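Reading through the structure tokens given below for one structure.
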Amino acid sequence: MHTTRPGRPALTRPDGTPPRVLVVDDDPDLAEVLTGALRYEGWQVRAAGDGAGALTAARELLPDAVVLDVMLPDTDGFAVLRGLHEVKPDVCVLFLTARDAVEDRIAGITAGGDDYVTKPFSLEEVVARLRGLLRRAGMARRPEEGPRLTVGDLVMDEDAREVTRAGGLIDLSPTEFELLRFLMRNPRRVLSKAQILDRVWSYDFGGRAHVVELYISYLRKKIDAGRDPMIHTVRGAGYVLKPVTR
């Protein structure tokens, strides 16, 4: 039985145990503060100070999520991410970066990271982002969410976390799954980038439109490739998911 922050619903793995999180940062003071905050959430946490230590810890812990600094003494976070995906392909990764350039953020997401925070950051922000990632990865499901969504020939089984179109299985990352779920829960409704960021990434809109654009393009390649498109751009307004009409 694990404790969590008062008034906040606990996140658990499907087997009822606490989420496993690995913190990778070469600043021992920062790593200690982060691990303490995450343990306060009731999670199982380990820390590593470099890329080699991160991969060793990942093989032992098999983490559900990793807080990963981009700049490490022996390598960079992108190289570590590739190794992490070999250990556990579905691991969620939150990048920590001191660099605030748009191209650096996009590089992290394109490399397979799920989200990022820019230093300096608040502990509350890191915890909130991780909770969002873990929810999207199936650590918890809201009671009101039903198990099955259908829009045209697109079907999502939320319990099995499977998506099919015209009977063909579509492999989605946790973030792609949550983005598609939001679209499917609002068929024929135009959703702004701000609404999508707030619901899927759980933080306010503030110049991060490129993240939404990037993940919409990922979804289109998987959902609409070689088929009549279901995901449409409404210029100046946002995106809408509609069944194909013949």
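In the structure tokens, chains take the letters A, B, ... in the order shown, each chain's residues start at 1, and ligands count up from 1 in the order shown.
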
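For range 49-107 of chain A, backbone-based DSSP labels the following residues as alpha helix (DSSP H): Gly51, Ala52, Gly53, Ala54, Leu55, Thr56, Ala57, Ala58, Arg59, Glu60, Leu61, Gly77, Phe78, Ala79, Val80, Leu81, Arg82, Gly83, Leu84, His85, Glu86, Val87, Val102, Glu103, Asp104, Arg105, Ile106 and Ala107 of chain A.
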
Strand (DSSP E) residues, from DSSP on the backbone, in range 147-179 of chain A, as an mmCIF file with N, CA, C and O atoms, in the first residue's frame:
data_model
loop_
_atom_site.group_PDB
_atom_site.id
_atom_site.type_symbol
_atom_site.label_atom_id
_atom_site.label_comp_id
_atom_site.auth_asym_id
_atom_site.auth_seq_id
_atom_site.Cartn_x
_atom_site.Cartn_y
_atom_site.Cartn_z
ATOM 1 N N ARG A 148 -14.979 1.648 -25.480
ATOM 2 C CA ARG A 148 -14.951 1.527 -26.934
ATOM 3 C C ARG A 148 -15.485 2.798 -27.597
ATOM 4 O O ARG A 148 -16.565 3.286 -27.279
ATOM 5 N N LEU A 149 -14.716 3.338 -28.548
ATOM 6 C CA LEU A 149 -15.121 4.508 -29.326
ATOM 7 C C LEU A 149 -15.136 4.130 -30.797
ATOM 8 O O LEU A 149 -14.247 3.418 -31.272
ATOM 9 N N THR A 150 -16.130 4.638 -31.538
ATOM 10 C CA THR A 150 -16.239 4.327 -32.960
ATOM 11 C C THR A 150 -16.587 5.587 -33.735
ATOM 12 O O THR A 150 -17.544 6.291 -33.393
ATOM 13 N N VAL A 151 -15.781 5.888 -34.753
ATOM 14 C CA VAL A 151 -16.068 6.979 -35.689
ATOM 15 C C VAL A 151 -15.849 6.417 -37.086
ATOM 16 O O VAL A 151 -14.709 6.133 -37.476
ATOM 17 N N LEU A 154 -13.211 3.688 -37.981
ATOM 18 C CA LEU A 154 -12.136 3.805 -36.994
ATOM 19 C C LEU A 154 -12.677 3.393 -35.628
ATOM 20 O O LEU A 154 -13.678 3.950 -35.152
ATOM 21 N N VAL A 155 -12.040 2.419 -34.996
ATOM 22 C CA VAL A 155 -12.516 1.887 -33.721
ATOM 23 C C VAL A 155 -11.372 1.894 -32.708
ATOM 24 O O VAL A 155 -10.260 1.459 -33.009
ATOM 25 N N MET A 156 -11.655 2.389 -31.496
ATOM 26 C CA MET A 156 -10.680 2.393 -30.413
ATOM 27 C C MET A 156 -11.241 1.600 -29.229
ATOM 28 O O MET A 156 -12.322 1.909 -28.724
ATOM 29 N N ASP A 157 -10.511 0.581 -28.809
ATOM 30 C CA ASP A 157 -10.833 -0.170 -27.597
ATOM 31 C C ASP A 157 -9.939 0.374 -26.495
ATOM 32 O O ASP A 157 -8.734 0.115 -26.470
ATOM 33 N N GLU A 162 -6.231 -0.646 -28.111
ATOM 34 C CA GLU A 162 -6.055 -1.027 -29.506
ATOM 35 C C GLU A 162 -6.895 -0.125 -30.404
ATOM 36 O O GLU A 162 -8.014 0.255 -30.053
ATOM 37 N N VAL A 163 -6.336 0.194 -31.554
ATOM 38 C CA VAL A 163 -7.034 1.005 -32.546
ATOM 39 C C VAL A 163 -7.013 0.263 -33.875
ATOM 40 O O VAL A 163 -5.967 -0.260 -34.292
ATOM 41 N N THR A 164 -8.161 0.217 -34.533
ATOM 42 C CA THR A 164 -8.236 -0.396 -35.861
ATOM 43 C C THR A 164 -8.950 0.558 -36.807
ATOM 44 O O THR A 164 -9.802 1.354 -36.393
ATOM 45 N N ARG A 165 -8.595 0.472 -38.082
ATOM 46 C CA ARG A 165 -9.358 1.155 -39.124
ATOM 47 C C ARG A 165 -9.650 0.148 -40.216
ATOM 48 O O ARG A 165 -8.728 -0.490 -40.735
ATOM 49 N N GLY A 168 -8.037 -3.186 -39.707
ATOM 50 C CA GLY A 168 -6.579 -3.292 -39.634
ATOM 51 C C GLY A 168 -6.032 -2.629 -38.383
ATOM 52 O O GLY A 168 -6.396 -1.480 -38.074
ATOM 53 N N LEU A 169 -5.174 -3.330 -37.647
ATOM 54 C CA LEU A 169 -4.622 -2.815 -36.394
ATOM 55 C C LEU A 169 -3.627 -1.698 -36.662
ATOM 56 O O LEU A 169 -2.782 -1.801 -37.557
ATOM 57 N N ILE A 170 -3.707 -0.621 -35.872
ATOM 58 C CA ILE A 170 -2.823 0.542 -36.009
ATOM 59 C C ILE A 170 -2.034 0.700 -34.718
ATOM 60 O O ILE A 170 -2.616 0.794 -33.638
#

Item checked: Using only C-alpha atoms: which of A:Thr233, A:Asp69, A:Leu55, A:Pro120 has the shortest distance to Lys88 in chain A ->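 For Lys88 in chain A, the nearest of the given residues is A:Leu55.
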
Checklist line | Spatial neighbours of Gly36 in chain A, max dist 12 Å, only C-alpha atoms, sep filter under 6 positions, as a ChimeraX atom specification | finding: /A:21,23,29-30,42-47,123,127

Residues from the last selection, N, CA, C and O atoms, saved as an mmCIF file, in the first residue's frame:
data_model
loop_
_atom_site.group_PDB
_atom_site.id
_atom_site.type_symbol
_atom_site.label_atom_id
_atom_site.label_comp_id
_atom_site.auth_asym_id
_atom_site.auth_seq_id
_atom_site.Cartn_x
_atom_site.Cartn_y
_atom_site.Cartn_z
ATOM 1 N N VAL A 21 9.671 5.120 -11.971
ATOM 2 C CA VAL A 21 10.224 6.281 -12.669
ATOM 3 C C VAL A 21 11.733 6.343 -12.463
ATOM 4 O O VAL A 21 12.222 6.174 -11.343
ATOM 5 N N VAL A 23 15.038 8.823 -12.903
ATOM 6 C CA VAL A 23 15.492 10.200 -13.065
ATOM 7 C C VAL A 23 16.949 10.179 -13.511
ATOM 8 O O VAL A 23 17.794 9.574 -12.836
ATOM 9 N N ASP A 29 22.212 17.346 -6.782
ATOM 10 C CA ASP A 29 21.229 18.074 -5.974
ATOM 11 C C ASP A 29 19.866 18.089 -6.661
ATOM 12 O O ASP A 29 18.826 17.848 -6.029
ATOM 13 N N LEU A 30 19.869 18.356 -7.958
ATOM 14 C CA LEU A 30 18.612 18.374 -8.711
ATOM 15 C C LEU A 30 17.989 16.986 -8.744
ATOM 16 O O LEU A 30 16.777 16.831 -8.563
ATOM 17 N N GLY A 42 4.213 8.741 -4.200
ATOM 18 C CA GLY A 42 3.979 7.325 -3.958
ATOM 19 C C GLY A 42 4.587 6.422 -5.006
ATOM 20 O O GLY A 42 4.292 5.230 -5.066
ATOM 21 N N TRP A 43 5.456 6.969 -5.871
ATOM 22 C CA TRP A 43 6.029 6.207 -6.972
ATOM 23 C C TRP A 43 7.356 5.562 -6.563
ATOM 24 O O TRP A 43 8.037 6.016 -5.645
ATOM 25 N N GLN A 44 7.737 4.517 -7.263
ATOM 26 C CA GLN A 44 9.034 3.869 -7.076
ATOM 27 C C GLN A 44 10.036 4.588 -7.971
ATOM 28 O O GLN A 44 9.858 4.638 -9.189
ATOM 29 N N VAL A 45 11.081 5.155 -7.380
ATOM 30 C CA VAL A 45 11.980 6.032 -8.125
ATOM 31 C C VAL A 45 13.437 5.602 -7.948
ATOM 32 O O VAL A 45 13.857 5.225 -6.848
ATOM 33 N N ARG A 46 14.201 5.660 -9.044
ATOM 34 C CA ARG A 46 15.656 5.502 -9.001
ATOM 35 C C ARG A 46 16.292 6.645 -9.767
ATOM 36 O O ARG A 46 15.638 7.284 -10.603
ATOM 37 N N ALA A 47 17.575 6.897 -9.501
ATOM 38 C CA ALA A 47 18.271 7.996 -10.159
ATOM 39 C C ALA A 47 19.577 7.496 -10.764
ATOM 40 O O ALA A 47 20.177 6.533 -10.283
ATOM 41 N N LEU A 123 8.860 21.944 -9.650
ATOM 42 C CA LEU A 123 8.625 20.527 -9.382
ATOM 43 C C LEU A 123 7.187 20.151 -9.706
ATOM 44 O O LEU A 123 6.920 19.057 -10.201
ATOM 45 N N VAL A 127 5.943 17.020 -12.101
ATOM 46 C CA VAL A 127 5.016 15.996 -11.613
ATOM 47 C C VAL A 127 3.764 15.961 -12.473
ATOM 48 O O VAL A 127 3.282 14.889 -12.850
#

Margin query: I'd like the interatomic distance between CA of Thr56 in chain A and CA of Gly113 in chain A, to a tenth of an Å.
Written below: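 Between CA of Thr56 in chain A and CA of Gly113 in chain A the gap is 19.4 Å.
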
Check: Any idea what the distance is between CA of Gly226 in chain A and CA of Val244 in chain A?
Finding: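 Calculated distance between CA of Gly226 in chain A and CA of Val244 in chain A is 13.4 Å.
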
Note to self: I'd like the contact shell of Pro28 in chain A - 12 Å cut-off, only C-alpha atoms, skipping same-chain residues fewer than 5 positions apart - returned as a ChimeraX atom specification.
What the structure shows: /A:23,33-35,47-50

Next item on the list: For CA of Pro89 in chain A and CA of Arg208 in chain A, quote the distance in Å rounded to one decimal.
Entry: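 Rounded to one decimal, the two atoms are 25.9 Å apart.
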
Write out as an mmCIF file with C-alpha atoms, in the first residue's frame which residues come within 6 Å of Lys242 in chain A when counting only C-alpha atoms, dropping same-chain ones fewer than 5 positions away.
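Listing of around-v2.cif after writing:
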data_model
loop_
_atom_site.group_PDB
_atom_site.id
_atom_site.type_symbol
_atom_site.label_atom_id
_atom_site.label_comp_id
_atom_site.auth_asym_id
_atom_site.auth_seq_id
_atom_site.Cartn_x
_atom_site.Cartn_y
_atom_site.Cartn_z
ATOM 1 C CA PRO A 187 -16.198 13.770 -33.753
ATOM 2 C CA ARG A 188 -17.123 16.498 -36.249
ATOM 3 C CA MET A 230 -10.540 11.441 -41.584
#

Item checked: Pick from A:Cys92, A:Ala37, A:Ala237, A:Val24, whichever lies nearest to Leu72 in chain A using only C-alpha atoms -> A:Val24

Next item on the list: Considering only C-alpha atoms, return as a ChimeraX atom specification whatever protein or nucleic-acid residues lie within 12 Å of Arg235 in chain A, sequence-local ones (same chain, fewer than 5 positions apart) excluded.
Entry: /A:190-193,240

Next item on the list: List the neighbours of range 129-133 of chain A out to 10 Å using only C-alpha atoms; skip same-chain residues closer than 2 positions along the sequence, and give me the result as an MDAnalysis selection string.
Entry: chainID A and resid 10:11 19 21 38 41 64:67 91:94 114:117 123:127 135:140 174:175 178 199:203
